[in-house]
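**Student:** The file below is run.cif, mmCIF, C-alpha atoms:
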data_structure
#
loop_
_atom_site.label_atom_id
_atom_site.label_comp_id
_atom_site.auth_asym_id
_atom_site.auth_seq_id
_atom_site.Cartn_x
_atom_site.Cartn_y
_atom_site.Cartn_z
CA GLN J 1 15.27 12.77 3.00
CA VAL J 2 14.89 9.01 3.28
CA THR J 3 18.45 7.76 3.48
CA GLY J 4 20.76 5.80 5.76
CA TYR J 5 20.08 3.12 8.32
CA LEU J 6 16.69 1.80 9.40
CA ASP J 7 15.74 1.42 13.08
CA ASP J 8 15.90 -2.11 14.54
CA CYS J 9 17.90 -3.26 11.46
CA THR J 10 21.48 -3.46 10.23
CA CYS J 11 20.37 -2.43 6.75
CA ASP J 12 20.24 0.91 4.96
CA VAL J 13 17.93 2.42 2.35
CA GLU J 14 20.58 2.65 -0.40
CA THR J 15 21.38 -1.09 -0.26
CA ILE J 16 17.69 -1.97 -0.63
CA ASP J 17 17.21 0.49 -3.51
CA ALA J 18 20.12 -0.92 -5.51
CA PHE J 19 19.16 -4.55 -4.83
CA ASN J 20 15.46 -4.11 -5.53
CA ASN J 21 15.43 -1.72 -8.47
CA TYR J 22 18.16 -3.34 -10.56
CA LYS J 23 18.16 -7.01 -9.56
CA LEU J 24 14.96 -8.22 -7.98
CA PHE J 25 12.10 -6.04 -9.25
CA PRO J 26 12.50 -6.85 -13.01
CA ARG J 27 12.51 -10.62 -12.35
CA LEU J 28 9.62 -10.45 -9.88
CA ASN J 29 7.58 -8.37 -12.29
CA ASN J 30 8.15 -11.01 -14.94
CA LEU J 31 7.01 -13.79 -12.58
CA LEU J 32 3.78 -11.99 -11.67
CA GLN J 33 2.76 -11.80 -15.36
CA SER J 34 2.53 -15.61 -15.51
CA ASP J 35 -0.81 -17.45 -15.40
CA TYR J 36 -0.08 -19.09 -12.06
CA PHE J 37 0.35 -15.76 -10.27
CA ARG J 38 -2.15 -13.54 -12.08
CA TYR J 39 -5.33 -15.39 -11.02
CA TYR J 40 -6.41 -14.92 -7.40
CA LYS J 41 -9.63 -16.32 -5.95
CA VAL J 42 -11.41 -13.90 -3.66
CA ASN J 43 -14.80 -13.41 -2.03
CA LEU J 44 -15.67 -9.72 -2.30
CA GLN J 45 -19.24 -10.26 -1.03
CA LYS J 46 -18.42 -11.04 2.61
CA PRO J 47 -20.23 -8.65 4.99
CA CYS J 48 -18.22 -6.40 7.30
CA PRO J 49 -17.99 -8.25 10.65
CA PHE J 50 -17.42 -5.14 12.79
CA TRP J 51 -20.04 -2.58 11.84
CA ASP J 52 -23.13 -2.35 9.63
CA ASP J 53 -21.87 -0.97 6.40
CA ASN J 54 -23.58 -1.00 3.07
CA SER J 55 -21.79 2.07 1.71
CA HIS J 56 -20.14 0.72 -1.43
CA CYS J 57 -18.16 3.02 -3.65
CA GLY J 58 -20.30 3.80 -6.68
CA MET J 59 -17.45 5.00 -8.90
CA ARG J 60 -16.65 2.82 -11.90
CA ASP J 61 -12.94 2.64 -11.03
CA CYS J 62 -13.89 0.89 -7.77
CA ALA J 63 -15.41 -2.05 -9.65
CA VAL J 64 -13.65 -5.41 -10.05
CA GLN J 65 -14.16 -7.49 -13.17
CA PRO J 66 -14.13 -11.21 -12.24
CA CYS J 67 -12.93 -13.78 -14.79
CA PRO J 68 -15.32 -15.93 -16.80
CA SER J 69 -14.40 -19.41 -15.55
CA ASP J 70 -13.31 -20.63 -19.00
CA GLU J 71 -10.50 -18.02 -19.00
CA VAL J 72 -8.88 -19.48 -15.89
CA PRO J 73 -6.44 -22.30 -16.77
CA ASP J 74 -7.87 -25.76 -16.06
CA GLY J 75 -5.00 -26.69 -13.79
CA ILE J 76 -5.69 -23.74 -11.49
CA ARG J 77 -9.45 -24.31 -11.42
CA SER J 78 -9.16 -28.01 -10.64
CA GLY J 79 -6.57 -27.39 -7.91
CA SER J 80 -4.84 -30.44 -9.36
CA TYR J 81 -1.36 -31.75 -8.49
CA LYS J 82 -0.52 -33.50 -11.74
CA TYR J 83 2.99 -34.51 -12.75
CA SER J 84 4.26 -34.40 -9.19
CA GLU J 85 5.17 -37.28 -6.94
CA GLU J 86 2.77 -35.76 -4.40
CA ALA J 87 -0.04 -36.75 -6.76
CA ASN J 88 0.91 -40.42 -6.41
CA ASN J 89 1.07 -40.19 -2.63
CA LEU J 90 -2.26 -38.39 -2.67
CA ALA J 91 -3.82 -41.15 -4.76
CA GLU J 92 -2.54 -43.77 -2.29
CA GLU J 93 -3.95 -41.80 0.62
CA CYS J 94 -7.34 -41.57 -1.13
CA GLU J 95 -7.39 -45.36 -1.58
CA GLU J 96 -6.48 -45.81 2.08
CA ALA J 97 -9.20 -43.33 3.09
CA LYS J 98 -11.76 -45.28 1.05
CA ARG J 99 -10.77 -48.53 2.78
CA LEU J 100 -11.09 -46.86 6.16
CA GLY J 101 -14.36 -45.19 5.17
CA ALA J 102 -16.36 -47.95 6.84
CA VAL J 103 -14.78 -47.16 10.20
CA ASP J 104 -15.72 -43.51 9.76
CA ASP J 105 -19.39 -44.41 9.39
CA SER J 106 -19.44 -45.65 12.97
CA LEU J 107 -18.60 -42.13 14.23
CA SER J 108 -21.49 -40.11 15.51
CA THR J 109 -22.37 -36.90 13.65
CA GLU J 110 -21.10 -34.84 16.63
CA THR J 111 -17.75 -36.63 16.67
CA ARG J 112 -17.31 -36.23 12.95
CA ARG J 113 -18.08 -32.53 13.26
CA ALA J 114 -15.56 -32.27 16.09
CA VAL J 115 -12.88 -34.02 14.01
CA LEU J 116 -13.51 -31.53 11.19
CA GLN J 117 -13.22 -28.63 13.62
CA TRP J 118 -9.95 -30.00 15.02
CA ALA J 119 -8.53 -30.20 11.50
CA ARG J 120 -9.67 -26.65 10.79
CA HIS J 121 -8.22 -25.44 14.08
CA ASP J 122 -4.89 -27.13 13.30
CA ASP J 123 -4.89 -25.42 9.91
CA SER J 124 -5.66 -22.04 11.38
CA SER J 125 -3.40 -22.15 14.44
CA ASP J 126 -0.35 -21.06 12.42
CA SER J 127 -2.32 -18.70 10.19
CA PHE J 128 -2.15 -14.93 10.55
CA CYS J 129 -5.13 -14.30 8.26
CA GLU J 130 -8.83 -14.90 8.11
CA ALA J 131 -8.71 -16.57 4.69
CA ASP J 132 -11.66 -16.58 2.32
CA ASP J 133 -13.51 -19.83 1.85
CA ILE J 134 -12.50 -20.35 -1.76
CA HIS J 135 -15.20 -23.03 -2.17
CA SER J 136 -17.95 -20.52 -1.37
CA PRO J 137 -20.26 -19.78 -4.34
CA ASP J 138 -19.41 -16.08 -3.80
CA ALA J 139 -15.67 -16.64 -4.34
CA GLU J 140 -14.54 -15.76 -7.86
CA TYR J 141 -11.27 -15.73 -9.77
CA VAL J 142 -9.92 -12.28 -10.53
CA ASP J 143 -7.22 -11.53 -13.09
CA LEU J 144 -4.90 -9.20 -11.17
CA LEU J 145 -3.35 -7.84 -14.38
CA LEU J 146 -6.76 -6.64 -15.58
CA ASN J 147 -7.64 -5.13 -12.18
CA PRO J 148 -4.49 -3.18 -11.25
CA GLU J 149 -4.17 -1.36 -7.95
CA ARG J 150 -4.47 2.36 -8.60
CA TYR J 151 -6.30 5.51 -7.51
CA THR J 152 -10.07 4.94 -7.58
CA GLY J 153 -11.38 8.08 -5.87
CA TYR J 154 -12.23 6.08 -2.70
CA LYS J 155 -11.33 8.41 0.19
CA GLY J 156 -12.91 10.53 2.92
CA PRO J 157 -14.68 9.27 6.09
CA ASP J 158 -15.16 5.68 4.86
CA ALA J 159 -11.49 5.13 4.04
CA TRP J 160 -10.43 6.99 7.21
CA LYS J 161 -12.64 4.71 9.33
CA ILE J 162 -10.83 1.61 8.03
CA TRP J 163 -7.33 2.86 8.80
CA ASN J 164 -8.43 4.37 12.11
CA SER J 165 -9.87 1.02 13.18
CA ILE J 166 -6.63 -0.73 12.20
CA TYR J 167 -4.34 1.67 14.07
CA GLU J 168 -6.50 2.41 17.12
CA GLU J 169 -7.76 -1.07 17.89
CA ASN J 170 -5.14 -3.46 16.52
CA CYS J 171 -1.68 -1.92 16.91
CA PHE J 172 -1.29 -2.50 20.68
CA LYS J 173 -1.66 1.25 21.18
CA PRO J 174 -3.31 2.60 24.36
CA GLN J 175 -6.23 4.98 23.78
CA ASN J 176 -4.55 7.89 25.58
CA VAL J 177 -1.57 7.92 23.17
CA LYS J 178 -2.61 9.84 20.08
CA ARG J 179 -1.23 9.11 16.63
CA PRO J 180 0.82 11.83 14.91
CA LEU J 181 -1.23 14.16 12.70
CA ALA J 182 -4.49 12.95 14.28
CA SER J 183 -6.92 15.77 13.57
CA GLY J 184 -8.20 18.10 16.29
CA ARG J 185 -6.40 16.46 19.19
CA GLY J 186 -3.82 19.04 20.07
CA ASP J 187 -1.11 17.13 18.23
CA ASP J 188 2.34 17.52 19.83
CA GLY J 189 4.22 16.61 16.66
CA GLY J 190 4.05 12.92 17.57
CA GLN J 191 6.38 13.29 20.59
CA THR J 192 4.13 11.34 22.98
CA PHE J 193 3.48 8.68 20.35
CA TYR J 194 7.14 8.10 19.46
CA LYS J 195 8.13 8.09 23.12
CA TRP J 196 5.53 5.34 23.66
CA LEU J 197 6.69 3.45 20.55
CA LYS J 198 10.32 3.54 21.67
CA GLY J 199 9.31 2.15 25.06
CA VAL J 200 7.40 -0.91 23.85
CA CYS J 201 8.97 -4.29 23.07
CA VAL J 202 10.52 -4.89 19.65
CA GLU J 203 7.61 -7.12 18.52
CA LYS J 204 4.91 -4.48 19.17
CA ARG J 205 7.05 -1.81 17.56
CA ALA J 206 7.58 -4.07 14.53
CA PHE J 207 3.83 -4.70 14.30
CA TYR J 208 3.09 -0.97 14.11
CA ARG J 209 5.88 -0.42 11.58
CA LEU J 210 4.61 -3.23 9.32
CA ILE J 211 1.10 -1.73 9.23
CA SER J 212 2.49 1.77 8.67
CA GLY J 213 4.74 0.38 5.88
CA LEU J 214 1.76 -1.33 4.24
CA HIS J 215 -0.22 1.93 4.45
CA ALA J 216 2.69 3.85 2.90
CA SER J 217 3.06 1.27 0.12
CA ILE J 218 -0.64 1.50 -0.79
CA ASN J 219 -0.44 5.32 -0.80
CA ILE J 220 2.56 5.19 -3.16
CA HIS J 221 0.61 2.99 -5.60
CA LEU J 222 -2.32 5.41 -5.53
CA SER J 223 0.01 8.39 -6.17
CA ALA J 224 1.95 6.57 -8.91
CA ARG J 225 -1.13 5.37 -10.83
CA TYR J 226 -3.36 8.40 -10.48
CA LEU J 227 -6.14 9.31 -12.88
CA LEU J 228 -4.58 12.33 -14.61
CA GLN J 229 -7.04 12.64 -17.48
CA ASP J 230 -10.55 11.29 -17.87
CA THR J 231 -12.28 12.14 -21.14
CA TRP J 232 -14.78 10.23 -23.25
CA SER J 233 -11.99 9.18 -25.61
CA GLU J 234 -9.32 8.09 -23.12
CA LYS J 235 -8.18 7.68 -19.55
CA LYS J 236 -4.62 8.54 -18.64
CA TRP J 237 -2.97 7.16 -15.48
CA GLY J 238 0.39 8.31 -14.16
CA PRO J 239 2.36 9.80 -11.26
CA ASN J 240 0.71 12.64 -9.33
CA VAL J 241 3.52 14.52 -7.58
CA THR J 242 1.17 16.77 -5.56
CA GLU J 243 -0.66 13.72 -4.15
CA PHE J 244 2.68 12.09 -3.31
CA GLN J 245 3.96 15.22 -1.53
CA GLN J 246 0.79 15.61 0.51
CA ARG J 247 1.36 12.14 1.92
CA PHE J 248 5.17 12.04 2.24
CA ASP J 249 6.82 15.48 2.02
CA GLU J 250 8.75 16.18 5.24
CA VAL J 251 7.48 19.77 5.62
CA LEU J 252 3.84 19.13 4.63
CA THR J 253 3.58 16.10 6.95
CA ARG J 254 5.60 17.72 9.76
CA GLY J 255 8.31 15.06 9.61
CA GLU J 256 5.88 12.14 9.43
CA GLY J 257 6.33 11.36 5.69
CA PRO J 258 9.97 10.15 5.84
CA ARG J 259 9.09 7.96 8.85
CA ARG J 260 6.29 6.33 6.84
CA LEU J 261 8.69 5.64 3.99
CA LYS J 262 11.26 4.10 6.33
CA ASN J 263 8.50 1.79 7.58
CA LEU J 264 7.93 0.77 3.96
CA TYR J 265 11.58 -0.32 3.78
CA PHE J 266 11.13 -2.20 7.07
CA LEU J 267 8.14 -4.07 5.56
CA TYR J 268 10.29 -4.84 2.49
CA LEU J 269 12.99 -6.42 4.69
CA ILE J 270 10.49 -8.57 6.60
CA GLU J 271 8.87 -9.94 3.42
CA LEU J 272 12.26 -10.42 1.72
CA ARG J 273 13.45 -12.39 4.77
CA ALA J 274 10.40 -14.66 4.51
CA LEU J 275 11.19 -15.38 0.83
CA SER J 276 14.76 -16.32 1.74
CA LYS J 277 13.49 -18.70 4.45
CA VAL J 278 10.84 -20.52 2.40
CA LEU J 279 13.25 -21.70 -0.33
CA PRO J 280 13.33 -25.40 0.84
CA PHE J 281 9.54 -25.66 0.44
CA PHE J 282 9.65 -24.63 -3.24
CA GLU J 283 12.96 -26.33 -4.05
CA ARG J 284 11.59 -29.86 -3.67
CA PRO J 285 11.48 -31.68 -7.02
CA GLY J 286 7.90 -32.75 -6.28
CA PHE J 287 6.63 -29.19 -5.95
CA GLN J 288 4.99 -27.78 -9.09
CA LEU J 289 3.25 -24.49 -9.89
CA TYR J 290 0.57 -26.35 -11.83
CA THR J 291 -1.57 -24.63 -14.48
CA GLY J 292 -1.77 -27.45 -17.03
CA ASN J 293 0.86 -26.05 -19.41
CA GLU J 294 3.83 -28.27 -18.59
CA SER J 295 6.65 -26.37 -20.32
CA GLN J 296 5.44 -22.98 -19.07
CA ASP J 297 5.03 -24.34 -15.52
CA ALA J 298 8.64 -25.56 -15.55
CA GLU J 299 9.86 -22.14 -16.71
CA VAL J 300 7.85 -20.35 -14.01
CA LYS J 301 9.23 -22.62 -11.31
CA HIS J 302 12.77 -21.97 -12.59
CA LEU J 303 12.18 -18.20 -12.41
CA LEU J 304 10.62 -18.53 -8.94
CA LEU J 305 13.67 -20.39 -7.62
CA GLU J 306 15.98 -17.81 -9.20
CA ILE J 307 14.11 -15.07 -7.30
CA LEU J 308 14.25 -17.01 -4.01
CA HIS J 309 18.01 -17.64 -4.39
CA LEU J 310 18.46 -13.96 -5.15
CA ALA J 311 16.45 -13.09 -2.00
CA LYS J 312 18.70 -15.41 0.00
CA SER J 313 21.83 -13.70 -1.36
CA PHE J 314 20.77 -10.29 0.04
CA PRO J 315 23.67 -9.20 2.28
CA LEU J 316 21.85 -7.42 5.13
CA HIS J 317 18.83 -9.51 6.08
CA PHE J 318 16.58 -8.62 9.00
CA ASP J 319 17.35 -10.84 12.00
CA GLU J 320 14.01 -12.12 13.27
CA ASN J 321 15.67 -14.05 16.13
CA SER J 322 15.11 -11.02 18.34
CA PHE J 323 11.35 -11.68 18.03
CA PHE J 324 9.62 -13.64 20.78
CA ALA J 325 12.85 -14.40 22.59
CA GLY J 326 13.20 -14.49 26.39
CA ASN J 327 10.69 -16.12 28.75
CA LYS J 328 9.01 -18.93 26.77
CA LYS J 329 5.58 -18.54 28.33
CA GLU J 330 5.52 -14.76 27.89
CA ALA J 331 6.88 -15.09 24.34
CA ALA J 332 4.18 -17.61 23.38
CA LYS J 333 1.47 -15.33 24.80
CA LEU J 334 2.83 -12.31 22.90
CA LYS J 335 3.11 -14.30 19.67
CA GLU J 336 -0.52 -15.38 19.95
CA GLU J 337 -1.59 -11.76 20.61
CA PHE J 338 0.45 -10.66 17.57
CA ARG J 339 -1.22 -13.33 15.42
CA LEU J 340 -4.76 -12.48 16.57
CA HIS J 341 -4.24 -8.73 16.08
CA PHE J 342 -3.10 -9.37 12.52
CA LYS J 343 -5.99 -11.77 11.90
CA ASN J 344 -8.36 -9.01 12.99
CA ILE J 345 -6.81 -6.63 10.45
CA SER J 346 -7.38 -9.20 7.70
CA LYS J 347 -11.09 -9.26 8.71
CA ILE J 348 -11.32 -5.45 8.56
CA MET J 349 -10.54 -5.71 4.82
CA ASP J 350 -14.13 -6.99 4.35
CA CYS J 351 -15.31 -3.54 5.48
CA VAL J 352 -13.55 -1.65 2.65
CA GLY J 353 -16.26 -0.03 0.51
CA CYS J 354 -14.31 0.10 -2.77
CA PHE J 355 -14.16 -3.41 -4.28
CA LYS J 356 -10.85 -2.84 -6.04
CA CYS J 357 -9.31 -1.51 -2.82
CA ARG J 358 -10.85 -4.47 -0.97
CA LEU J 359 -9.32 -6.94 -3.45
CA TRP J 360 -5.82 -5.49 -3.08
CA GLY J 361 -6.21 -4.96 0.66
CA LYS J 362 -7.16 -8.61 1.16
CA LEU J 363 -4.36 -9.83 -1.09
CA GLN J 364 -1.68 -7.69 0.60
CA THR J 365 -2.74 -8.58 4.15
CA GLN J 366 -2.85 -12.29 3.21
CA GLY J 367 0.60 -11.94 1.65
CA LEU J 368 2.08 -10.29 4.74
CA GLY J 369 0.28 -12.83 6.95
CA THR J 370 1.87 -15.63 4.90
CA ALA J 371 5.30 -13.99 5.28
CA LEU J 372 4.82 -13.92 9.08
CA LYS J 373 3.66 -17.55 9.06
CA ILE J 374 6.90 -18.48 7.22
CA LEU J 375 9.14 -16.53 9.62
CA PHE J 376 7.58 -18.21 12.64
CA SER J 377 7.65 -21.72 11.10
CA GLU J 378 11.41 -21.89 10.55
CA ASN J 379 11.84 -25.17 12.48
CA LEU J 380 9.08 -26.85 10.46
CA ILE J 381 10.53 -25.64 7.15
CA GLU J 382 13.96 -27.03 8.06
CA LYS J 383 12.37 -30.47 8.59
CA ILE J 384 10.62 -30.61 5.19
CA PRO J 385 11.57 -33.90 3.46
CA GLU J 386 13.12 -33.60 0.01
CA SER J 387 10.48 -35.85 -1.50
CA GLY J 388 6.89 -36.64 -0.61
CA PRO J 389 4.32 -34.39 1.01
CA SER J 390 5.28 -31.72 3.53
CA TYR J 391 2.92 -32.32 6.45
CA GLY J 392 4.55 -30.06 9.02
CA PHE J 393 4.56 -26.92 6.87
CA GLN J 394 2.19 -26.26 4.02
CA LEU J 395 1.21 -23.33 1.81
CA THR J 396 -1.99 -23.24 -0.20
CA ARG J 397 -2.02 -21.86 -3.75
CA GLN J 398 -3.89 -18.81 -2.37
CA GLU J 399 -1.09 -18.14 0.13
CA ILE J 400 1.60 -18.57 -2.55
CA VAL J 401 -0.12 -16.17 -4.98
CA ALA J 402 -0.75 -13.64 -2.18
CA LEU J 403 2.83 -13.88 -0.83
CA PHE J 404 4.49 -13.07 -4.16
CA ASN J 405 1.96 -10.49 -5.31
CA ALA J 406 2.10 -8.69 -1.95
CA PHE J 407 5.89 -8.58 -2.12
CA GLY J 408 5.52 -7.45 -5.73
CA ARG J 409 3.50 -4.46 -4.51
CA VAL J 410 6.13 -3.51 -1.91
CA SER J 411 8.93 -3.99 -4.44
CA ASN J 412 6.98 -1.83 -6.87
CA SER J 413 6.64 0.90 -4.19
CA VAL J 414 10.41 1.02 -3.67
CA LYS J 415 10.86 1.31 -7.46
CA GLU J 416 8.21 4.06 -7.70
CA LEU J 417 10.00 6.00 -4.96
CA GLU J 418 13.02 6.24 -7.24
CA ASN J 419 10.75 7.62 -10.00
CA PHE J 420 9.30 10.25 -7.67
CA ARG J 421 12.80 11.21 -6.49
CA ASN J 422 13.86 11.77 -10.11
CA ILE J 423 10.73 13.79 -10.95
CA LEU J 424 11.18 16.01 -7.86
CA GLN J 425 14.89 16.59 -8.62
CA ASN J 426 14.06 17.65 -12.18
CA MET J 427 11.43 20.07 -10.86
CA ARG J 428 13.91 21.93 -8.65
#
If you convert what's in this file into structure tokens, what do you get?

**Tutor:**
Amino acid sequence: QVTGYLDDCTCDVETIDAFNNYKLFPRLNNLLQSDYFRYYKVNLQKPCPFWDDNSHCGMRDCAVQPCPSDEVPDGIRSGSYKYSEEANNLAEECEEAKRLGAVDDSLSTETRRAVLQWARHDDSSDSFCEADDIHSPDAEYVDLLLNPERYTGYKGPDAWKIWNSIYEENCFKPQNVKRPLASGRGDDGGQTFYKWLKGVCVEKRAFYRLISGLHASINIHLSARYLLQDTWSEKKWGPNVTEFQQRFDEVLTRGEGPRRLKNLYFLYLIELRALSKVLPFFERPGFQLYTGNESQDAEVKHLLLEILHLAKSFPLHFDENSFFAGNKKEAAKLKEEFRLHFKNISKIMDCVGCFKCRLWGKLQTQGLGTALKILFSENLIEKIPESGPSYGFQLTRQEIVALFNAFGRVSNSVKELENFRNILQNMR
């Protein structure tokens, strides 16, 4: 039943399906197999900042296998910028910093601390995510190809608490408006909720739809890679149609399932738009996806640019100019609220009890946060010089890996939807 136009967009489901499934998904999938994009550094030991929670999922499919450090390419581990002109500029800056080091010594400890905090604040003021400290001894590299996102058996009250906290406390929703299908609350089929949603500004509506789309995407992955057989000799993963229907069938979800899926397409459009906007950052000759293997790195950059040009060629992009328009002061206040709400959601990921779910939850929220950072930094991206460092707008390797892997997950969801459609048609 998911067809036709999407709310708040000029795009339709069929256009996205054709573009994603036959043009973009195969190339993106290829890119994400490369060394640069398969290793993600993450701290899975951070305590939950919102409630005391030591309930970790004890099932073996919840576990994450970190990489022995010698398996991670040297170039990624060293965070080096070799064979780029940025490296030369960096070297000059280091020399300059050494010369000025004597001046720094005259600063009091308090002042130096303050300077550090200013720099951190400047870095975080355009960030939508609470990023992991990748220099922490608890942060480890994980090979995403060896730890795929799939059904782990993590569900019930613990998983419900996470999503409930996200929707109830971070989606601008008043307490007296109940979510559709909320248990034991005299549900009115979502009428009150959708009346409220229609009445709020486009930004708050978009925020809810992005979170709902992310939730739908994760549920599709869990239904598509479900543990179908678990014997001592083998494990078999594959699509579980019953699980999929329970989450998305129009009748079983009382009309809610198709809405969730449309929100997935909305999320797809937002992340696709961000990829089309960030092209100048990656197009600079000085930018390299450095792993230490020069010929492979050149190939990966070529494929990356091909994907970004393809994203730019999409005919019906989401128009983000409607966001934060109008009164400048009000718009700035709303944008900051939007950013802080999303940052809070990225912190909630440290409360997820299943480590594999936590890994993919953190990666996908960081990826969406990076997409939002790109969309709201358009003026800075336009001013990026063709050569030399880009001071106004910067992406860390973590943000780059999260951005493309998160979009890879959404792209994969759209592809899996086609598989489920085919299975269901053949069952009729």

**Student:** Looking at J:Ile381, J:Leu303, J:Leu279, J:Ile423, which one is nearest to Asn29 (chain J), with distances taken over all atoms listed in the file?

**Tutor:**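 Closest to Asn29 (chain J), using all atoms listed in the file: J:Leu303.
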
**Student:** Out of J:Tyr290, J:Phe248, J:Phe318, J:Phe338, which residue has the shortest atom-to-atom distance to Gly75 (chain J) when counting all atoms listed in the file?

**Tutor:** J:Tyr290

**Student:** I'd like the residues picked by the PyMOL selection byres ((chain J and resi 136) around 12) written out as a ChimeraX atom specification, using the chain letters and numbers from the file.

**Tutor:** /J:41-46,131-135,137-141

**Student:** Please enumerate the residues selected by the PyMOL selection byres ((chain J and resi 15) around 12) when evaluated against the supplied file, formatted as a ChimeraX atom specification.

**Tutor:** /J:3-6,10-14,16-23,265,269,314-317,414

**Student:** Which value, in Å to one decimal, gives the distance between CA of Met349 (chain J) and CA of Lys362 (chain J)?

**Tutor:**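 Computed distance, CA of Met349 (chain J) to CA of Lys362 (chain J), equals 5.8 Å.
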
**Student:** Which residues, written as a ChimeraX atom specification, have at least one atom at most 10 Å from Leu28 (chain J), with all atoms listed in the file counted and residues fewer than 5 positions away on the same chain left out?

**Tutor:** /J:20,23,33,303-304,306-308,404-405,407-408,411-412

**Student:** Report, in Å with one decimal, the straight-line distance from CA of Leu32 (chain J) to CA of Val401 (chain J).

**Tutor:** 8.8 Å

**Student:** For Glu378 (chain J), which of J:Arg273, J:Arg358, J:Lys347, J:His302 is the closest residue, counting all atoms listed in the file?

**Tutor:** J:Arg273

**Student:** With distances taken over all atoms listed in the file, which residue among J:Phe282, J:Phe324, J:Phe50, J:Phe342 lies nearest Leu395 (chain J)?

**Tutor:**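 Of all the options, J:Phe282 lies closest to Leu395 (chain J).
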
**Student:** Name every residue that the PyMOL selection byres ((chain J and resi 371) around 9) selects in this structure, writing the answer as a CSV table (one decimal) with C-alpha atoms, keeping the file's coordinate frame with chains first and numbers rising.

**Tutor:**
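Printed below is out_11.csv as written:
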chain,number,residue,atom,x,y,z
J,270,ILE,CA,10.5,-8.6,6.6
J,271,GLU,CA,8.9,-9.9,3.4
J,272,LEU,CA,12.3,-10.4,1.7
J,273,ARG,CA,13.4,-12.4,4.8
J,274,ALA,CA,10.4,-14.7,4.5
J,275,LEU,CA,11.2,-15.4,0.8
J,366,GLN,CA,-2.8,-12.3,3.2
J,367,GLY,CA,0.6,-11.9,1.6
J,368,LEU,CA,2.1,-10.3,4.7
J,369,GLY,CA,0.3,-12.8,7.0
J,370,THR,CA,1.9,-15.6,4.9
J,372,LEU,CA,4.8,-13.9,9.1
J,373,LYS,CA,3.7,-17.6,9.1
J,374,ILE,CA,6.9,-18.5,7.2
J,375,LEU,CA,9.1,-16.5,9.6
J,376,PHE,CA,7.6,-18.2,12.6
J,403,LEU,CA,2.8,-13.9,-0.8

**Student:** Taking all listed atoms of region 225-240 of chain J, build the axis-aligned box, pad each of the six sides by 3 Å, then write its centre and edge lengths in Å to one decimal as AutoDock Vina command-line options.

**Tutor:**
--center_x -6.2 --center_y 9.0 --center_z -17.5 --size_x 23.1 --size_y 13.3 --size_z 22.3
